[in-house]
2 protein chains.
Amino acid sequence: MTEASASPPSSREKILDVAEALFARRGYAGVGLREVAEEAGLGKSSLFHHFRSKAEIYLAVLARVLERVNERVAPILASGGSHLERLDRVLDSLIDSLAEHPTTARLLLRSLFEDDDLPDTDDVKRAAEEIDRSLAAILDRMLRLLRDGIEAGSFRPASARHTLQTLIGATVYHFASGELGEALFGRPVFSAETVRRRKEEIKNLVHSGLAAAPVAAPAGGRP
Amino acid sequence: MTEASASPPSSREKILDVAEALFARRGYAGVGLREVAEEAGLGKSSLFHHFRSKAEIYLAVLARVLERVNERVAPILASGGSHLERLDRVLDSLIDSLAEHPTTARLLLRSLFEDDDLPDTDDVKRAAEEIDRSLAAILDRMLRLLRDGIEAGSFRPASARHTLQTLIGATVYHFASGELGEALFGRPVFSAETVRRRKEEIKNLVHSGLAAAPVAAPAGGRP
DNA sequence: ATTGCAGCCGACCGATCGGTCGGGTAGGGT
DNA sequence: ACCCTACCCGACCGATCGGTCGGCTGCAAT
């Protein structure tokens with residue numbers, strides 16, 4: 001941890017890479033450490049020189065994923081610009097995050113379900129809470145952006161919490177939908193074209209579905 | 001199979017009930033058949049008198065869940081009324097479906113990930129394809145509703161596919177979000193109050209985010 | 001040259017996995 | 001009375017699970 005970010009493609013990183021791919025595909029319980037070790041080019045016992053348990057590997061993977069997302073999203077949330085501009089840019093960068101590493105969305109979604117089958121050792125629980133806190137921090141900042149925007153009149157009055165849930169669903173779920181999404185769009189959800197279009201559609205949703213009406217539409221009588 | 005829907009609280013149904021709860025909580029790989037049997041009040045071997053394998057149990061659970069959703073949603077999709085009315089009612093009933101059985105959303109989301117660790121026996125693959133087809137049928141009808149609505153001018157021009165993805169995310173993800181959702185709202189996502197509010201927010205999203213502008217806003221000029 | 005340690009490994013542990021097998025029992029049809 | 005079938009069970013199988021242990025390397029500091 002003190003100087004982990006050194007240059008060599010260390011075994012530790014390799015383990016995390018392999019574990020990330022496998023956990024995303026088959027989940028915590030569905031992945032065996034033998035498989036992780038083999039794909040990392042190591043003996044199974046070697047895993048335990050870098051991590052104390054399977055759960056620790058899983059949590060390390062999750063922490064890295066969250067950090068990757070946070071790196072992109074946090075500076076935008078802290079930046080200037082109107083509420084709407086900031087929201088647009090946050091969603092853009094979130095989608096970029098999810099599209100860049102196809103494992104991210106699935107791991108995040110899975111993490112909502114799978115903390116159940118982690119052992120409840122004290123250190124595991126502590127690490128899991130750390131993850132939770134780090135996720136909660138991101139969501140909290142997004143929530144604040146929505147609330148502020150609503151209060152300032154930049155967004156139409158809505159439940160910030162529900163809106164946040166919808167936006168998570170619109171982004172994370174989409175990139176986790178895998179074969180179903182591929183069947184729906186006729187191409188992988190990670191293809192450049194689909195990603196570009198997804199950004200557009202989300203932006204349209206936000207602008208005409210969340211943003212306050214520009215000026216007009218004073219009392220539009222419905223036909 | 002021929003007359004399965006009889007009255008007795010049969011062992012078969014009990015197994016499915018127990019398995020549904022467990023699979024939703026811990027996933028396919030995370031659940032052992034011993035646990036299923038014990039909670040169903042049976043010996044483990046008895047499971048194999050009703051199902052040929054663990055995978056068959058899982059797929060039977062999934063099929064039942066899908067059927068439950070379809071029962072509610074299909075008649076509405078086939079009913080009359082304007083596109084917008086039908087969409088409103090479909091979303092309402094979908095949310096009711098998901099809220100009624102807290103396992104549904106998680107099982108559906110998990111099913112997008114977890115077909116990977118099913119064995120690929122021929123009969124399992126056939127049953128899984130059956131599930132896929134049944135899910136695809138529901139989605140197809142919703143997709144058609146969106147497309148028709150767009151073509152008829154009831155909805156603003158948008159990608160029907162992306163809109164469908166967003167709506168799935170807004171509903172299924174929300175009710176699968178579990179502890180995270182509970183932390184966000186301060187109460188379970190299945191609480192009557194949260195469910196009611198969720199319907200409202202989704203309806204607002206659809207009406208002011210998807211429905212065509214009443215009359216005004218003629219200038220389509222994007223900024 | 002010696003020591004120490006990080007990294008890696010094969011062999012092994014008890015537990016649990018999905019699944020099989022043979023047998024027991026109750027009830028309905030004949 | 002008979003048998004057949006549906007249902008259920010305990011015992012057992014080979015495989016795999018996460019994790020431990022002792023020992024083998026090679027490099028770095030002394």
# chains A, B, ... in the order shown; residues from 1 in each chain; ligands from 1
>>> interface_residues(of="chain A", to="chain C", cutoff="8 Å", atoms="only C-alpha atoms (C1' of nucleotides)", output="PyMOL selection string")
chain A and resi 42-43+45-46+49
>>> interface_residues(of="chain B", to="chain A", cutoff="9 Å", atoms="only C-alpha atoms", output="ChimeraX atom specification")
/B:24-31,106,109-110,112-117,132,136,139,158-159,161-163,165-174,176-181,184-185,197-198,201-202,204-210,213-217
>>> interface_residues(of="chain D", to="chain A", cutoff="12 Å", atoms="only C-alpha atoms (C1' of nucleotides)", output="list in words")
DT16, DC17, DG18, DG19, DT20 and DC21 of chain D
>>> write_last_selection(atoms="C-alpha atoms (C1' of nucleotides)", output="PDB file, in the first residue's frame")
ATOM      1  C1'  DT D  16     -13.994 -29.281  -5.521  1.00  0.00           C
ATOM      2  C1'  DC D  17     -14.064 -25.785  -2.107  1.00  0.00           C
ATOM      3  C1'  DG D  18     -11.046 -22.215   0.872  1.00  0.00           C
ATOM      4  C1'  DG D  19      -7.127 -22.404   3.452  1.00  0.00           C
ATOM      5  C1'  DT D  20      -2.580 -24.258   5.760  1.00  0.00           C
ATOM      6  C1'  DC D  21       2.046 -25.973   5.922  1.00  0.00           C
TER       7       DC D  21
END
>>> calpha_fit_rmsd(fixed="chain A", moving="chain B")
1.4 Å
>>> closest_atom_pairs(of="stretch 112-145 of chain A", to="stretch 70-88 of chain A", cutoff="7 Å", atoms="only C-alpha atoms", output="JSON lines")
{"residue": "A:Ile138", "atom": "CA", "partner": "A:Asn70", "partner_atom": "CA", "distance": 6.9}
{"residue": "A:Arg141", "atom": "CA", "partner": "A:Leu77", "partner_atom": "CA", "distance": 6.9}
{"residue": "A:Leu145", "atom": "CA", "partner": "A:His83", "partner_atom": "CA", "distance": 6.8}
>>> write_last_selection(atoms="C-alpha atoms", output="short mmCIF file (atom, residue, chain, number, x, y, z; two decimals), in the first residue's frame")
data_model
loop_
_atom_site.label_atom_id
_atom_site.label_comp_id
_atom_site.auth_asym_id
_atom_site.auth_seq_id
_atom_site.Cartn_x
_atom_site.Cartn_y
_atom_site.Cartn_z
CA ILE A 138 -20.01 9.26 -4.49
CA ARG A 141 -22.25 14.09 -3.88
CA LEU A 145 -25.97 18.08 -6.94
#
>>> residues_around(residues="A:Val65", least_positions_apart="5", cutoff="9 Å", atoms="only C-alpha atoms (C1' of nucleotides)", output="list of chain:residue names")
A:Glu20, A:Ala60, A:Asn70, A:Thr103, A:Thr104, A:Leu107, A:Leu108
>>> write_last_selection(atoms="C-alpha atoms", output="short mmCIF file (atom, residue, chain, number, x, y, z; two decimals), in the first residue's frame")
data_model
loop_
_atom_site.label_atom_id
_atom_site.label_comp_id
_atom_site.auth_asym_id
_atom_site.auth_seq_id
_atom_site.Cartn_x
_atom_site.Cartn_y
_atom_site.Cartn_z
CA GLU A 20 -12.06 -8.79 -11.51
CA ALA A 60 -9.79 -5.33 -3.11
CA ASN A 70 -14.47 8.00 -8.37
CA THR A 103 -16.56 -5.44 -15.76
CA THR A 104 -17.42 -2.33 -13.80
CA LEU A 107 -19.33 -5.77 -10.32
CA LEU A 108 -21.14 -2.76 -8.93
#
>>> decode(residues="stretch 46-62 of chain B", atoms="all heavy atoms", output="PDB file, in the first residue's frame")
ATOM      1  N   SER B  46     -34.766 -35.979  -1.697  1.00  0.00           N
ATOM      2  CA  SER B  46     -36.150 -35.816  -2.162  1.00  0.00           C
ATOM      3  C   SER B  46     -36.270 -34.738  -3.225  1.00  0.00           C
ATOM      4  O   SER B  46     -37.181 -34.775  -4.060  1.00  0.00           O
ATOM      5  CB  SER B  46     -37.049 -35.458  -0.976  1.00  0.00           C
ATOM      6  OG  SER B  46     -36.969 -36.455   0.010  1.00  0.00           O
ATOM      7  N   LEU B  47     -35.344 -33.796  -3.216  1.00  0.00           N
ATOM      8  CA  LEU B  47     -35.403 -32.751  -4.240  1.00  0.00           C
ATOM      9  C   LEU B  47     -35.355 -33.365  -5.634  1.00  0.00           C
ATOM     10  O   LEU B  47     -35.986 -32.872  -6.562  1.00  0.00           O
ATOM     11  CB  LEU B  47     -34.233 -31.774  -4.073  1.00  0.00           C
ATOM     12  CG  LEU B  47     -34.102 -31.042  -2.741  1.00  0.00           C
ATOM     13  CD1 LEU B  47     -32.935 -30.064  -2.797  1.00  0.00           C
ATOM     14  CD2 LEU B  47     -35.387 -30.311  -2.404  1.00  0.00           C
ATOM     15  N   PHE B  48     -34.608 -34.457  -5.739  1.00  0.00           N
ATOM     16  CA  PHE B  48     -34.388 -35.041  -7.062  1.00  0.00           C
ATOM     17  C   PHE B  48     -35.553 -35.889  -7.537  1.00  0.00           C
ATOM     18  O   PHE B  48     -35.513 -36.440  -8.625  1.00  0.00           O
ATOM     19  CB  PHE B  48     -33.087 -35.849  -7.063  1.00  0.00           C
ATOM     20  CG  PHE B  48     -31.873 -34.980  -6.910  1.00  0.00           C
ATOM     21  CD1 PHE B  48     -31.349 -34.684  -5.668  1.00  0.00           C
ATOM     22  CD2 PHE B  48     -31.267 -34.417  -8.029  1.00  0.00           C
ATOM     23  CE1 PHE B  48     -30.247 -33.868  -5.526  1.00  0.00           C
ATOM     24  CE2 PHE B  48     -30.152 -33.603  -7.900  1.00  0.00           C
ATOM     25  CZ  PHE B  48     -29.645 -33.321  -6.636  1.00  0.00           C
ATOM     26  N   HIS B  49     -36.572 -36.019  -6.683  1.00  0.00           N
ATOM     27  CA  HIS B  49     -37.794 -36.660  -7.165  1.00  0.00           C
ATOM     28  C   HIS B  49     -38.694 -35.654  -7.850  1.00  0.00           C
ATOM     29  O   HIS B  49     -39.628 -36.013  -8.549  1.00  0.00           O
ATOM     30  CB  HIS B  49     -38.540 -37.323  -6.009  1.00  0.00           C
ATOM     31  CG  HIS B  49     -38.051 -38.693  -5.707  1.00  0.00           C
ATOM     32  ND1 HIS B  49     -38.583 -39.826  -6.265  1.00  0.00           N
ATOM     33  CD2 HIS B  49     -37.025 -39.094  -4.939  1.00  0.00           C
ATOM     34  CE1 HIS B  49     -37.932 -40.886  -5.834  1.00  0.00           C
ATOM     35  NE2 HIS B  49     -36.979 -40.468  -5.021  1.00  0.00           N
ATOM     36  N   HIS B  50     -38.411 -34.371  -7.628  1.00  0.00           N
ATOM     37  CA  HIS B  50     -39.241 -33.331  -8.239  1.00  0.00           C
ATOM     38  C   HIS B  50     -38.498 -32.609  -9.358  1.00  0.00           C
ATOM     39  O   HIS B  50     -39.121 -32.082 -10.278  1.00  0.00           O
ATOM     40  CB  HIS B  50     -39.672 -32.313  -7.181  1.00  0.00           C
ATOM     41  CG  HIS B  50     -40.480 -32.901  -6.073  1.00  0.00           C
ATOM     42  ND1 HIS B  50     -41.834 -33.108  -6.180  1.00  0.00           N
ATOM     43  CD2 HIS B  50     -40.131 -33.358  -4.848  1.00  0.00           C
ATOM     44  CE1 HIS B  50     -42.290 -33.647  -5.053  1.00  0.00           C
ATOM     45  NE2 HIS B  50     -41.274 -33.807  -4.234  1.00  0.00           N
ATOM     46  N   PHE B  51     -37.185 -32.585  -9.261  1.00  0.00           N
ATOM     47  CA  PHE B  51     -36.380 -31.912 -10.278  1.00  0.00           C
ATOM     48  C   PHE B  51     -35.160 -32.769 -10.575  1.00  0.00           C
ATOM     49  O   PHE B  51     -34.676 -33.480  -9.704  1.00  0.00           O
ATOM     50  CB  PHE B  51     -35.945 -30.528  -9.801  1.00  0.00           C
ATOM     51  CG  PHE B  51     -37.090 -29.648  -9.397  1.00  0.00           C
ATOM     52  CD1 PHE B  51     -37.509 -29.594  -8.078  1.00  0.00           C
ATOM     53  CD2 PHE B  51     -37.764 -28.887 -10.337  1.00  0.00           C
ATOM     54  CE1 PHE B  51     -38.566 -28.797  -7.703  1.00  0.00           C
ATOM     55  CE2 PHE B  51     -38.828 -28.084  -9.960  1.00  0.00           C
ATOM     56  CZ  PHE B  51     -39.236 -28.035  -8.646  1.00  0.00           C
ATOM     57  N   ARG B  52     -34.668 -32.664 -11.781  1.00  0.00           N
ATOM     58  CA  ARG B  52     -33.569 -33.543 -12.163  1.00  0.00           C
ATOM     59  C   ARG B  52     -32.209 -33.014 -11.739  1.00  0.00           C
ATOM     60  O   ARG B  52     -31.234 -33.753 -11.679  1.00  0.00           O
ATOM     61  CB  ARG B  52     -33.597 -33.785 -13.674  1.00  0.00           C
ATOM     62  CG  ARG B  52     -34.513 -34.926 -14.059  1.00  0.00           C
ATOM     63  CD  ARG B  52     -34.393 -35.224 -15.526  1.00  0.00           C
ATOM     64  NE  ARG B  52     -34.810 -34.057 -16.316  1.00  0.00           N
ATOM     65  CZ  ARG B  52     -35.103 -34.113 -17.615  1.00  0.00           C
ATOM     66  NH1 ARG B  52     -34.995 -35.269 -18.251  1.00  0.00           N
ATOM     67  NH2 ARG B  52     -35.468 -33.047 -18.261  1.00  0.00           N
ATOM     68  N   SER B  53     -32.120 -31.722 -11.485  1.00  0.00           N
ATOM     69  CA  SER B  53     -30.825 -31.145 -11.118  1.00  0.00           C
ATOM     70  C   SER B  53     -31.042 -29.793 -10.469  1.00  0.00           C
ATOM     71  O   SER B  53     -32.140 -29.225 -10.513  1.00  0.00           O
ATOM     72  CB  SER B  53     -29.927 -30.990 -12.342  1.00  0.00           C
ATOM     73  OG  SER B  53     -30.459 -29.992 -13.196  1.00  0.00           O
ATOM     74  N   LYS B  54     -29.987 -29.277  -9.887  1.00  0.00           N
ATOM     75  CA  LYS B  54     -30.041 -27.943  -9.299  1.00  0.00           C
ATOM     76  C   LYS B  54     -30.416 -26.909 -10.358  1.00  0.00           C
ATOM     77  O   LYS B  54     -31.240 -26.022 -10.112  1.00  0.00           O
ATOM     78  CB  LYS B  54     -28.676 -27.607  -8.704  1.00  0.00           C
ATOM     79  CG  LYS B  54     -28.603 -26.269  -8.002  1.00  0.00           C
ATOM     80  CD  LYS B  54     -27.168 -25.946  -7.615  1.00  0.00           C
ATOM     81  CE  LYS B  54     -27.078 -24.634  -6.843  1.00  0.00           C
ATOM     82  NZ  LYS B  54     -25.677 -24.251  -6.564  1.00  0.00           N
ATOM     83  N   ALA B  55     -29.821 -27.059 -11.532  1.00  0.00           N
ATOM     84  CA  ALA B  55     -30.102 -26.098 -12.595  1.00  0.00           C
ATOM     85  C   ALA B  55     -31.584 -26.092 -12.952  1.00  0.00           C
ATOM     86  O   ALA B  55     -32.163 -25.032 -13.233  1.00  0.00           O
ATOM     87  CB  ALA B  55     -29.255 -26.410 -13.823  1.00  0.00           C
ATOM     88  N   GLU B  56     -32.189 -27.278 -12.922  1.00  0.00           N
ATOM     89  CA  GLU B  56     -33.609 -27.341 -13.274  1.00  0.00           C
ATOM     90  C   GLU B  56     -34.462 -26.613 -12.242  1.00  0.00           C
ATOM     91  O   GLU B  56     -35.452 -25.951 -12.588  1.00  0.00           O
ATOM     92  CB  GLU B  56     -34.048 -28.803 -13.404  1.00  0.00           C
ATOM     93  CG  GLU B  56     -35.356 -28.960 -14.125  1.00  0.00           C
ATOM     94  CD  GLU B  56     -35.671 -30.424 -14.395  1.00  0.00           C
ATOM     95  OE1 GLU B  56     -35.089 -31.006 -15.335  1.00  0.00           O
ATOM     96  OE2 GLU B  56     -36.486 -30.986 -13.653  1.00  0.00           O
ATOM     97  N   ILE B  57     -34.080 -26.744 -10.977  1.00  0.00           N
ATOM     98  CA  ILE B  57     -34.785 -25.995  -9.932  1.00  0.00           C
ATOM     99  C   ILE B  57     -34.673 -24.495 -10.205  1.00  0.00           C
ATOM    100  O   ILE B  57     -35.663 -23.765 -10.194  1.00  0.00           O
ATOM    101  CB  ILE B  57     -34.212 -26.320  -8.534  1.00  0.00           C
ATOM    102  CG1 ILE B  57     -34.411 -27.800  -8.216  1.00  0.00           C
ATOM    103  CG2 ILE B  57     -34.864 -25.445  -7.467  1.00  0.00           C
ATOM    104  CD1 ILE B  57     -33.875 -28.210  -6.855  1.00  0.00           C
ATOM    105  N   TYR B  58     -33.441 -24.064 -10.456  1.00  0.00           N
ATOM    106  CA  TYR B  58     -33.207 -22.644 -10.702  1.00  0.00           C
ATOM    107  C   TYR B  58     -34.049 -22.141 -11.875  1.00  0.00           C
ATOM    108  O   TYR B  58     -34.707 -21.089 -11.793  1.00  0.00           O
ATOM    109  CB  TYR B  58     -31.723 -22.417 -10.966  1.00  0.00           C
ATOM    110  CG  TYR B  58     -31.364 -20.995 -11.298  1.00  0.00           C
ATOM    111  CD1 TYR B  58     -31.348 -20.010 -10.323  1.00  0.00           C
ATOM    112  CD2 TYR B  58     -31.030 -20.631 -12.595  1.00  0.00           C
ATOM    113  CE1 TYR B  58     -31.020 -18.708 -10.620  1.00  0.00           C
ATOM    114  CE2 TYR B  58     -30.688 -19.327 -12.909  1.00  0.00           C
ATOM    115  CZ  TYR B  58     -30.689 -18.373 -11.919  1.00  0.00           C
ATOM    116  OH  TYR B  58     -30.359 -17.084 -12.224  1.00  0.00           O
ATOM    117  N   LEU B  59     -34.052 -22.890 -12.940  1.00  0.00           N
ATOM    118  CA  LEU B  59     -34.794 -22.445 -14.112  1.00  0.00           C
ATOM    119  C   LEU B  59     -36.295 -22.481 -13.873  1.00  0.00           C
ATOM    120  O   LEU B  59     -37.028 -21.617 -14.386  1.00  0.00           O
ATOM    121  CB  LEU B  59     -34.418 -23.315 -15.319  1.00  0.00           C
ATOM    122  CG  LEU B  59     -32.976 -23.117 -15.792  1.00  0.00           C
ATOM    123  CD1 LEU B  59     -32.588 -24.164 -16.823  1.00  0.00           C
ATOM    124  CD2 LEU B  59     -32.781 -21.713 -16.359  1.00  0.00           C
ATOM    125  N   ALA B  60     -36.750 -23.456 -13.074  1.00  0.00           N
ATOM    126  CA  ALA B  60     -38.176 -23.492 -12.744  1.00  0.00           C
ATOM    127  C   ALA B  60     -38.565 -22.267 -11.922  1.00  0.00           C
ATOM    128  O   ALA B  60     -39.629 -21.677 -12.119  1.00  0.00           O
ATOM    129  CB  ALA B  60     -38.516 -24.777 -11.987  1.00  0.00           C
ATOM    130  N   VAL B  61     -37.682 -21.886 -11.008  1.00  0.00           N
ATOM    131  CA  VAL B  61     -37.929 -20.678 -10.217  1.00  0.00           C
ATOM    132  C   VAL B  61     -38.046 -19.470 -11.136  1.00  0.00           C
ATOM    133  O   VAL B  61     -38.983 -18.672 -11.052  1.00  0.00           O
ATOM    134  CB  VAL B  61     -36.802 -20.459  -9.191  1.00  0.00           C
ATOM    135  CG1 VAL B  61     -36.850 -19.049  -8.636  1.00  0.00           C
ATOM    136  CG2 VAL B  61     -36.896 -21.472  -8.067  1.00  0.00           C
ATOM    137  N   LEU B  62     -37.094 -19.376 -12.041  1.00  0.00           N
ATOM    138  CA  LEU B  62     -37.061 -18.235 -12.951  1.00  0.00           C
ATOM    139  C   LEU B  62     -38.309 -18.196 -13.829  1.00  0.00           C
ATOM    140  O   LEU B  62     -38.896 -17.128 -14.045  1.00  0.00           O
ATOM    141  CB  LEU B  62     -35.805 -18.328 -13.817  1.00  0.00           C
ATOM    142  CG  LEU B  62     -35.016 -17.051 -13.993  1.00  0.00           C
ATOM    143  CD1 LEU B  62     -34.603 -16.480 -12.655  1.00  0.00           C
ATOM    144  CD2 LEU B  62     -33.788 -17.322 -14.856  1.00  0.00           C
TER     145      LEU B  62
END
